[in-house]
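Student: Supplied in structure tokens, the structure appears directly below.
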Amino acid sequence: MMFPNLFSPLKLGNVEVKNRISFQPHLTNLAVDNLPSEKQMYYWGERAKGGAGLIITEELTVHPTDMAYEKLIDVYHAEVIPGFLKVTDYVHQYDSKIFAQLNHNGQQGDGSISRLPVWAPSPVPDVLFRETPKAMEPEDIDEVARYFALSAEHVRRGGFDGVELQFGHSSLARQFLSPLTNYRSDEFGGSLENRMRAPLMFIKAVRKAVGRDFPLGIRMCADEMIPGGLDLAQVQVICASFEDTGLIDFMDLSIGTFYNLYLVEGSMHTPLGYTIPLAAGVREKLKIPVFCTGRINDPVMAEKVLAAGQADIIGMCRALICDPFLPKKAQEGKLEDIRYCIACNQGCIGRIGMSRSVGCVQNPTIGYEKLWGEGTLKPAPVKKKVVVVGAGPAGLWAAKMAGRRGHNVTLIDKNESVGGQVLTAMKGSGRDEFGVIARNEKEQVEKSGAVIELGIEVSVDDVLKKQADAVIIATGSRPKSYPVEGCDGPGVSNVWQVLNQEVEVGDNVCLIDYDGHHRATATAEYLADQGKKVHIICSSLFIGAELGPTQDLYLSRQRLLGKGVTFTPDIAVMQVSGDIGNKSIKGFNVYSNIWQEWEGYDSLVLAMGQEASEELYYGLKGKVKELHRIGDCVAPRKVDMAIWEGHKLGRSL
Amino acid sequence: MNSSSLHILVLLREVTDPRPPAKLTADGYDIDERGLRRIVNPADICALEQALCLTEQFGGSVSALCVGPARCADILMSAYAMGASRCVRVWDAAFAGGDVVADAQILKRILEIVKPEVFLSGYRCLDCGDDPVPALASASLDIPYVNAAVKLVANERHEFDVLCKRDRGARQRVSVSTPCTLLVTEDSCEPRYPTQGAVLKALEQSVELWGLAELGLAGHLIGEAAAGLDRERLRFPHPNPRRVVTPDASLPAFERILALLSGGIKPREGKTHVLSAEKTAARLHEILIAEGLCNGSQ
């Protein structure tokens with residue numbers, strides 16, 4: 001076997017998990033009326049079908065004062081049990097185990113949803129929610145412990161195999177443990193022994209409720225990574241104390257808090273397996289199994305971590321959102337078929353953080369597993385000759401899905417390799433993993449039977465000569481040809497030209513950013529890496545306005561500042577002018593309406609939006625039997641929509 | 001046989017060479033037989049060599065015993081070649097599934113029948129380490145046993161002076177008289193290499209086969225029926241954790257973050273203090289006192 005450690009069973013308490021892959025808890029926003037939903041059943045079930053040994057549900061809220069997000073499941077209501085039974089029955093048919101995660105978010109909650117004050121050890125507002133909480137009275141702590149127990153009882157009756165208590169990055173228990181959020185002077189604050197008192201009450205209450213034979217674990221924050229907070233040395237002591245009670249069966253780990261959410265959900269710019277040293281550090285002190293989670297998206301790395309004894313089970317979250325069948329493919333040695341997560345954070349965290357349902361840029365079936373999950377693709381009743389023009393993400397997916405359904409598919413692209421704009425986007429600093437989108441799909445398109453023709457720029461006549469039954473136009477988009485007055489002058493280029501090295505860029509550069517996303521910031525960083533002096537002017541309140549939801553903002557700004565990039569926000573650029581070496585920019589402050597001018601740049605780089613490459617579509621309109629267009633050539637958007645449309649069309653053709 | 005001759009029984013066990021990677025069977029309860037290399041337990045060969053040396057010194061006979069299926073006859077042929085005078089293979093399908101207590105019942109019965117003055121075997125098995133069966137069988141017959149024997153010295157009265165290995169490299173000398181059980185270590189002697197003539201002669205010898213009837217044991221006393229332990233699935237042990245460098249908790253949080261995000265954490269460095277010579281001496285003195293390396297006087 002290629003991965004003997006990864007696919008060896010492990011006992012968590014009395015329950016044996018068939019392999020060392022755990023689908024980790026994360027918000028889905030798929031619950032309906034704060035109860036488990038059918039969509040969740042299929043979502044978790046798909047990961048069980050894909051071979052994950054263990055599935056841990058999203059946090060289930062144990063108390064009415066905790067409503068951090070509108071679509072949390074209220075596990076303290078007995079009404080959840082019938083829904084849970086459906087979920088657990090569905091998961092169990094695939095020989096996977098499913099644990100429920102119980103949580104009270106404490107100060108990291110939103111009273112405007114619950115219409116109740118949030119509860120916390122001390123009246124310290126969370127950095128994200130900014131709401132001053134009510135300092136919990138001792139009877140409040142007793143009540144939460146009772147609710148933990150009640151919730152655990154519902155979990156057990158709901159057919160779950162075990163329960164995990166969230167003491168990690170977002171939890172009331174961590175707020176009790178951390179000197180950063182616990183200023184109490186009573187028996188619940190001060191010394192470590194006192195700070196551990198409330199969390200121990202929660203553990204004891206749950207253990208009493210579920211009995212000794214029911215696996216109970218803790219998810220701990222291995223290091224808060226904030227001055228004055230918990231560090232690894234303290235967490236080692238806390239974890240060992242929890243273990244010494246003999247009440248817990250495993251230790252799941254997370255990192256960071258909402259002060260540094262970019263560590264909790266490390267993006268593409270974060271090293272793979274960045275939390276391994278912390279997991280290994282905790283495991284040194286414990287005998288119970290320890291989980292390690294954090295950008296381990298590859299069975300090879302997972303196997304190495306297990307073989308080195310750095311963890312006992314690998315938590316995969318985004319990796320299995322992206323490809324639910326990663327475990328099965330790894331077990332069968334089909335590594336080339338795995339759709340590797342790139343930690344772009346756009347579809348998963350980016351959507352969840354804005355209260356949308358969980359998604360994935362590379363996996364359009366998320367939340368639609370019942371309709372589009374494994375085994376739902378049916379052969380086309382009528383086999384068609386299909387021509388897809390454009391091998392960007394939209395074209396690749398359309399060709400793949402149509403090919404899998406038995407159509408005779410030809411995929412044509414003018415470039416020498418597939419990927420479309422992905423090939424350019426991956427050239428930005430730190431964005432090379434973006435290219436995995438194209439790498440993941442190329443082989444799948446070939447395996448689907450589709451023929452790929454590269455280096456061919458087709459005209460309307462060329463397409464008509466193919467006499468296809470259906471033509472799909474996925475020709476993408478290009479930077480706007482005339483986004484601002486004077487942009488056709490010398491020394492002005494766009495980000496795509498810069499990244500593709502089609503133009504010479506001087507040493508003193510001004511980048512005009514209307515994008516707010518990596519397209520601009522990664523290009524600025526790319527230029528700064530070459531030693532150029534870069535200034536960014538943008539119309540939004542700050543640089544990288546779109547990077548917040550994907551947890552890229554903090555580190556992007558940190559890197560840009562470290563590389564000497566300067567910023568001017570709030571400016572609507574209206575005109576660029578001047579010669580190379582003395583380019584100038586004229587614009588006005590969108591709030592004060594005062595006009596300003598900047599001059600003396602060698603080059604100007606524009607990230608001022610895209611326009612659809614739609615000529616071929618309009619040239620063919622009305623001339624072929626069946627004509628479709630998908631992706632950016634309909635309207636320039638992000639890659640998730642390109643893949644979504646390609647997938648949907650390929651299925652329905 | 002003169003009055004000082006010794007009647008010795010040697011237990012030879014078949015083990016598997018632990019070097020090739022083992023695979024589990026599909027049900028997870030056993031080791032897959034394919035690809036395993038079977039050998040005689042090296043410590044048991046040493047026990048046979050010790051037995052032969054003793055009989056060469058005092059006279060007597062060495063009987064070799066092997067509990068196992070038909071293929072184990074080859075082991076006993078080797079024993080014949082080395083100089084054993086009698087070889088017995090004991091086997092019955094009912095032995096399967098037994099735990100150490102059940103297996104000790106079989107050996108106990110053999111010892112009752114053979115009544116050796118000295119029972120010799122290896123202290124540990126090459127593949128599974130400790131094997132408590134010989135000690136359990138001896139103890140159940142009130143026969144004293146000595147384990148981890150590295151040197152045996154016997155006198156005419158058949159009293160043994162035994163040098164044994166003990167914890168953390170210590171040695172212990174014990175005296176024991178017959179009947180006794182001696183479990184020797186693999187490095188206690190250099191086993192002899194049988195000559196070609198001895199090997200050819202061994203092929204002419206016959207191995208006695210004993211089954212349940214010869215032992216006179218009831219089926220419920222042995223094998224799976226007598227086992228007190230249930231079979232549990234096998235799994236490969238986890239390696240000891242490889243030491244990894246973890247972020248130094250004494251560093252400021254931002255430096256710890258940088259350490260994680262840089263893709264590698266450097267080993268912790270000692271703290272550097274820049275002090276005057278006088279203060280350095282005073283600080284060193286404090287450290288030495290704290291470590292208990294120096295008393296409080298200057």
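To be explicit about the labels: the chains of the structure tokens are called A, B, and onward in the order shown, and within each one the residues are counted from 1, while ligands get numbers from 1 in the order they are shown.
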Run DSSP on the backbone and tell me which residues of region 410-582 of chain A come out as helix (DSSP H, G or I); list them as an mmCIF file with C-alpha atoms, in the first residue's frame.

Tutor:
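Writing done, so here's selection-v3.cif:
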```cif
data_model
loop_
_atom_site.group_PDB
_atom_site.id
_atom_site.type_symbol
_atom_site.label_atom_id
_atom_site.label_comp_id
_atom_site.auth_asym_id
_atom_site.auth_seq_id
_atom_site.Cartn_x
_atom_site.Cartn_y
_atom_site.Cartn_z
ATOM 1 C CA VAL A 422 -5.061 30.910 -14.807
ATOM 2 C CA LEU A 423 -1.701 30.694 -16.575
ATOM 3 C CA THR A 424 -1.274 34.441 -16.194
ATOM 4 C CA ALA A 425 -2.716 34.764 -12.704
ATOM 5 C CA ASP A 432 1.898 29.880 -8.464
ATOM 6 C CA GLU A 433 -0.335 27.338 -6.724
ATOM 7 C CA PHE A 434 -3.214 28.868 -8.691
ATOM 8 C CA GLY A 435 -1.879 26.981 -11.697
ATOM 9 C CA VAL A 436 -2.879 23.736 -10.006
ATOM 10 C CA ILE A 437 -6.438 24.479 -11.207
ATOM 11 C CA ALA A 438 -5.304 23.840 -14.780
ATOM 12 C CA ARG A 439 -3.013 20.955 -13.863
ATOM 13 C CA ASN A 440 -5.816 19.227 -11.942
ATOM 14 C CA GLU A 441 -8.175 19.366 -14.908
ATOM 15 C CA LYS A 442 -5.950 18.741 -17.915
ATOM 16 C CA GLU A 443 -5.576 15.032 -17.281
ATOM 17 C CA GLN A 444 -9.235 14.673 -16.385
ATOM 18 C CA VAL A 445 -10.239 16.227 -19.692
ATOM 19 C CA GLU A 446 -7.998 13.787 -21.525
ATOM 20 C CA LYS A 447 -9.374 10.863 -19.515
ATOM 21 C CA VAL A 460 -15.937 31.775 -37.233
ATOM 22 C CA ASP A 461 -15.372 29.859 -40.463
ATOM 23 C CA ASP A 462 -13.044 27.396 -38.780
ATOM 24 C CA VAL A 463 -15.721 26.566 -36.227
ATOM 25 C CA LEU A 464 -18.417 26.263 -38.877
ATOM 26 C CA LYS A 465 -16.241 23.825 -40.823
ATOM 27 C CA VAL A 495 -1.331 43.655 -15.221
ATOM 28 C CA TRP A 496 -1.700 40.799 -17.705
ATOM 29 C CA GLN A 497 0.972 42.317 -19.976
ATOM 30 C CA VAL A 498 3.284 42.742 -16.999
ATOM 31 C CA LEU A 499 2.836 39.222 -15.663
ATOM 32 C CA HIS A 518 -4.742 39.488 -6.191
ATOM 33 C CA ARG A 519 -4.684 40.643 -9.785
ATOM 34 C CA ALA A 520 -3.421 44.007 -8.549
ATOM 35 C CA THR A 521 -1.629 43.252 -5.288
ATOM 36 C CA ALA A 522 0.206 40.165 -6.577
ATOM 37 C CA THR A 523 1.374 42.162 -9.615
ATOM 38 C CA ALA A 524 2.570 44.994 -7.370
ATOM 39 C CA GLU A 525 4.450 42.430 -5.296
ATOM 40 C CA TYR A 526 5.841 40.834 -8.451
ATOM 41 C CA LEU A 527 7.263 44.220 -9.493
ATOM 42 C CA ALA A 528 8.525 45.026 -5.978
ATOM 43 C CA ASP A 529 10.304 41.656 -5.937
ATOM 44 C CA LEU A 553 -5.393 40.931 3.406
ATOM 45 C CA TYR A 554 -3.165 40.937 6.469
ATOM 46 C CA LEU A 555 -0.235 39.060 5.028
ATOM 47 C CA SER A 556 -0.538 40.738 1.603
ATOM 48 C CA ARG A 557 -0.328 44.171 3.180
ATOM 49 C CA GLN A 558 2.488 42.993 5.430
ATOM 50 C CA ARG A 559 4.477 41.751 2.450
ATOM 51 C CA LEU A 560 3.787 44.834 0.345
ATOM 52 C CA LEU A 561 4.826 47.161 3.160
ATOM 53 C CA GLY A 562 7.909 45.048 3.772
#
```

Student: Residues near region 96-112 of chain A, anyone? I mean within 6 Å using only C-alpha atoms, not counting same-chain ones fewer than 6 positions away, as a PyMOL selection string.

Tutor: chain A and resi 48+53-57+59-62+66-68+118-120+126+133+160-166+170-172

Student: With only C-alpha atoms counted and 7 Å as the cut-off, give the residues of chain A in contact with chain B, each with its shortest interatomic distance in Å and the pair that gives it, as CSV.

Tutor:
```
residue,atom,partner,partner_atom,distance
A:Met225,CA,B:Ala253,CA,4.8
A:Ile226,CA,B:Ala253,CA,5.0
A:Pro227,CA,B:Ala253,CA,5.4
A:Asp231,CA,B:Ala249,CA,5.7
A:Leu232,CA,B:Ala249,CA,5.9
A:Ala233,CA,B:Ala249,CA,5.8
A:Thr270,CA,B:Leu261,CA,6.0
A:Pro271,CA,B:Gly263,CA,5.6
A:Tyr274,CA,B:Leu260,CA,6.0
A:Pro277,CA,B:Thr246,CA,5.0
A:Leu278,CA,B:Thr246,CA,6.1
A:Ala280,CA,B:Val244,CA,6.8
A:Gly281,CA,B:Thr246,CA,5.9
A:Ala307,CA,B:Pro239,CA,6.7
A:Ala308,CA,B:Arg242,CA,5.3
A:Gly309,CA,B:Pro241,CA,3.9
A:Gln310,CA,B:Pro241,CA,5.7
```

Student: List every residue of region 23-240 of chain B that DSSP, applied to the backbone, labels as strand (DSSP E), and write the result as number ranges by chain.

Tutor: B: 38-40, 60-67, 86-90, 118-122, 124-125, 129-130, 145-154, 159-165, 171-177, 180-184, 208-210

Student: Emit the selected residues as a tab-separated table (two decimals), in the first residue's frame, including C-alpha atoms.

Tutor:
```tsv
chain	number	residue	atom	x	y	z
B	38	ARG	CA	11.19	-18.61	8.81
B	39	ILE	CA	14.21	-19.40	10.89
B	40	VAL	CA	15.04	-21.11	14.16
B	60	GLY	CA	23.75	-37.56	29.44
B	61	SER	CA	21.36	-36.79	26.63
B	62	VAL	CA	19.84	-33.84	24.87
B	63	SER	CA	16.29	-34.05	23.62
B	64	ALA	CA	15.09	-31.38	21.24
B	65	LEU	CA	11.48	-30.30	21.21
B	66	CYS	CA	9.57	-28.23	18.75
B	67	VAL	CA	5.89	-27.36	18.94
B	86	ARG	CA	16.17	-37.42	20.48
B	87	CYS	CA	13.82	-35.04	18.68
B	88	VAL	CA	10.12	-34.63	19.33
B	89	ARG	CA	7.70	-32.55	17.37
B	90	VAL	CA	4.43	-31.82	19.10
B	118	VAL	CA	17.36	-29.26	32.91
B	119	PHE	CA	14.98	-27.50	30.54
B	120	LEU	CA	16.75	-25.06	28.28
B	121	SER	CA	15.47	-22.53	25.80
B	122	GLY	CA	16.11	-19.06	24.51
B	124	ARG	CA	13.62	-14.07	23.92
B	125	CYS	CA	12.21	-14.69	20.46
B	129	GLY	CA	10.51	-10.52	21.99
B	130	ASP	CA	9.52	-11.96	25.33
B	145	TYR	CA	13.68	-20.85	36.26
B	146	VAL	CA	16.43	-18.40	35.49
B	147	ASN	CA	16.06	-16.00	32.62
B	148	ALA	CA	18.52	-13.97	30.57
B	149	ALA	CA	21.34	-16.38	31.34
B	150	VAL	CA	24.59	-15.39	29.64
B	151	LYS	CA	26.94	-17.91	31.27
B	152	LEU	CA	26.29	-21.34	32.77
B	153	VAL	CA	28.74	-23.13	35.04
B	154	ALA	CA	27.71	-26.50	36.49
B	159	GLU	CA	24.27	-27.17	40.69
B	160	PHE	CA	24.38	-24.29	38.28
B	161	ASP	CA	26.09	-21.02	38.81
B	162	VAL	CA	24.36	-18.72	36.33
B	163	LEU	CA	25.36	-15.23	35.29
B	164	CYS	CA	22.28	-13.31	34.17
B	165	LYS	CA	21.60	-10.02	32.43
B	171	ARG	CA	24.69	-8.62	35.96
B	172	GLN	CA	23.40	-10.96	38.62
B	173	ARG	CA	24.87	-14.29	39.64
B	174	VAL	CA	22.35	-16.88	40.81
B	175	SER	CA	22.65	-20.51	41.88
B	176	VAL	CA	20.11	-23.13	41.01
B	177	SER	CA	20.00	-26.90	41.22
B	180	CYS	CA	15.49	-26.23	36.67
B	181	THR	CA	14.68	-24.15	33.64
B	182	LEU	CA	17.37	-21.99	32.13
B	183	LEU	CA	16.52	-19.40	29.50
B	184	VAL	CA	19.67	-18.25	27.77
B	208	GLU	CA	8.86	-38.44	17.04
B	209	LEU	CA	5.45	-36.87	16.54
B	210	TRP	CA	3.23	-36.34	19.54
```

Student: Excluding Ala22 (chain B) and residues on its chain fewer than 2 positions from it, collect all residues at most 8 Å away from it, counting only C-alpha atoms, and give them as a compact mmCIF listing (two decimals) with C-alpha atoms, in the first residue's frame.

Tutor:
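Just written: selection-v1.txt:
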```txt
# COMPACT_ATOMS: atom_id res chain seq x y z
CA PRO B 18 11.70 -9.56 11.38
CA PRO B 20 11.28 -8.08 5.62
CA LEU B 24 -1.48 -7.96 7.67
CA ILE B 31 0.34 -11.54 9.65
CA ASP B 32 0.19 -12.50 6.01
CA LEU B 36 7.92 -14.42 5.44
```

Student: Taking only C-alpha atoms into account, which of A:Pro549, A:Gly486, A:Gly395, A:Gly347 comes nearest Ile585 (chain A)?

Tutor: A:Gly486

Student: I'd like the contact shell of region 191-194 of chain A - 9 Å cut-off, only C-alpha atoms, skipping same-chain residues fewer than 4 positions apart - returned as a list in words.

Tutor: Phe176, Leu177, Ser178, Pro179, Asp186, Glu187, Ala198, Gln234 and Ile238 of chain A

Student: Could you check how far CA of Leu604 (chain A) sits from CA of Cys510 (chain A), in Å to one decimal?

Tutor: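 These atoms are spaced 5.0 Å apart.
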
Student: My list of candidates is A:Lys623, A:Lys49, A:Arg20, A:Lys134. Which is closest to Ala470 (chain A) when distances are computed with only C-alpha atoms?

Tutor: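 For Ala470 (chain A), the nearest of the given residues is A:Lys623.
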
Student: Using only C-alpha atoms, which protein or nucleic acid residues come within 10 Å of Pro199 (chain A)? Drop anything in the same chain fewer than 2 positions from it, and give the result as an mmCIF file with N, CA and C atoms, in the first residue's frame.

Tutor:
```cif
data_model
loop_
_atom_site.group_PDB
_atom_site.id
_atom_site.type_symbol
_atom_site.label_atom_id
_atom_site.label_comp_id
_atom_site.auth_asym_id
_atom_site.auth_seq_id
_atom_site.Cartn_x
_atom_site.Cartn_y
_atom_site.Cartn_z
ATOM 1 N N ILE A 141 -22.102 30.155 34.220
ATOM 2 C CA ILE A 141 -21.139 29.104 33.864
ATOM 3 C C ILE A 141 -21.763 27.731 34.120
ATOM 4 N N ALA A 145 -22.545 24.782 31.329
ATOM 5 C CA ALA A 145 -22.108 23.389 31.530
ATOM 6 C C ALA A 145 -23.295 22.446 31.386
ATOM 7 N N LEU A 165 -15.497 18.837 21.806
ATOM 8 C CA LEU A 165 -15.814 20.145 22.384
ATOM 9 C C LEU A 165 -14.853 21.166 21.810
ATOM 10 N N PHE A 167 -12.702 23.978 22.061
ATOM 11 C CA PHE A 167 -11.980 24.856 22.979
ATOM 12 C C PHE A 167 -10.920 25.622 22.184
ATOM 13 N N LEU A 172 -15.786 29.849 23.897
ATOM 14 C CA LEU A 172 -15.871 30.371 25.254
ATOM 15 C C LEU A 172 -14.806 29.720 26.143
ATOM 16 N N ALA A 173 -14.582 28.436 25.930
ATOM 17 C CA ALA A 173 -13.619 27.723 26.785
ATOM 18 C C ALA A 173 -12.227 28.325 26.631
ATOM 19 N N ARG A 174 -11.831 28.616 25.380
ATOM 20 C CA ARG A 174 -10.517 29.229 25.180
ATOM 21 C C ARG A 174 -10.471 30.601 25.847
ATOM 22 N N GLN A 175 -11.599 31.311 25.785
ATOM 23 C CA GLN A 175 -11.613 32.639 26.406
ATOM 24 C C GLN A 175 -11.410 32.546 27.919
ATOM 25 N N PHE A 176 -11.891 31.448 28.521
ATOM 26 C CA PHE A 176 -11.612 31.225 29.945
ATOM 27 C C PHE A 176 -10.134 30.894 30.160
ATOM 28 N N LEU A 177 -9.575 30.102 29.248
ATOM 29 C CA LEU A 177 -8.192 29.636 29.436
ATOM 30 C C LEU A 177 -7.173 30.745 29.203
ATOM 31 N N PHE A 188 -12.718 31.490 38.770
ATOM 32 C CA PHE A 188 -12.616 31.160 37.352
ATOM 33 C C PHE A 188 -11.540 31.984 36.628
ATOM 34 N N ASN A 194 -7.378 28.066 38.044
ATOM 35 C CA ASN A 194 -8.687 28.723 38.054
ATOM 36 C C ASN A 194 -9.227 28.903 36.640
ATOM 37 N N ARG A 195 -8.325 29.261 35.706
ATOM 38 C CA ARG A 195 -8.787 29.492 34.335
ATOM 39 C C ARG A 195 -9.267 28.197 33.689
ATOM 40 N N MET A 196 -8.737 27.077 34.169
ATOM 41 C CA MET A 196 -9.167 25.784 33.622
ATOM 42 C C MET A 196 -10.470 25.284 34.246
ATOM 43 N N ARG A 197 -10.928 25.943 35.286
ATOM 44 C CA ARG A 197 -12.073 25.426 36.055
ATOM 45 C C ARG A 197 -13.331 25.307 35.186
ATOM 46 N N MET A 201 -15.350 22.013 33.884
ATOM 47 C CA MET A 201 -16.767 21.785 34.195
ATOM 48 C C MET A 201 -17.504 21.316 32.942
ATOM 49 N N PHE A 202 -17.170 21.931 31.796
ATOM 50 C CA PHE A 202 -17.840 21.536 30.542
ATOM 51 C C PHE A 202 -17.484 20.078 30.203
ATOM 52 N N ILE A 203 -16.200 19.744 30.365
ATOM 53 C CA ILE A 203 -15.766 18.375 30.041
ATOM 54 C C ILE A 203 -16.482 17.369 30.946
ATOM 55 N N LYS A 204 -16.475 17.659 32.240
ATOM 56 C CA LYS A 204 -17.072 16.710 33.188
ATOM 57 C C LYS A 204 -18.573 16.552 32.928
ATOM 58 N N ALA A 205 -19.220 17.681 32.629
ATOM 59 C CA ALA A 205 -20.673 17.620 32.385
ATOM 60 C C ALA A 205 -20.969 16.753 31.166
ATOM 61 N N PHE A 242 -5.854 18.191 30.976
ATOM 62 C CA PHE A 242 -7.115 17.620 30.492
ATOM 63 C C PHE A 242 -6.981 16.100 30.359
#
```

Student: When distances are computed from only C-alpha atoms, which of B:Gly68, B:Pro144, B:Pro179, B:Gly59 shows the smallest separation from Lys115 (chain B)?

Tutor: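 Nearest to Lys115 (chain B): B:Pro179.
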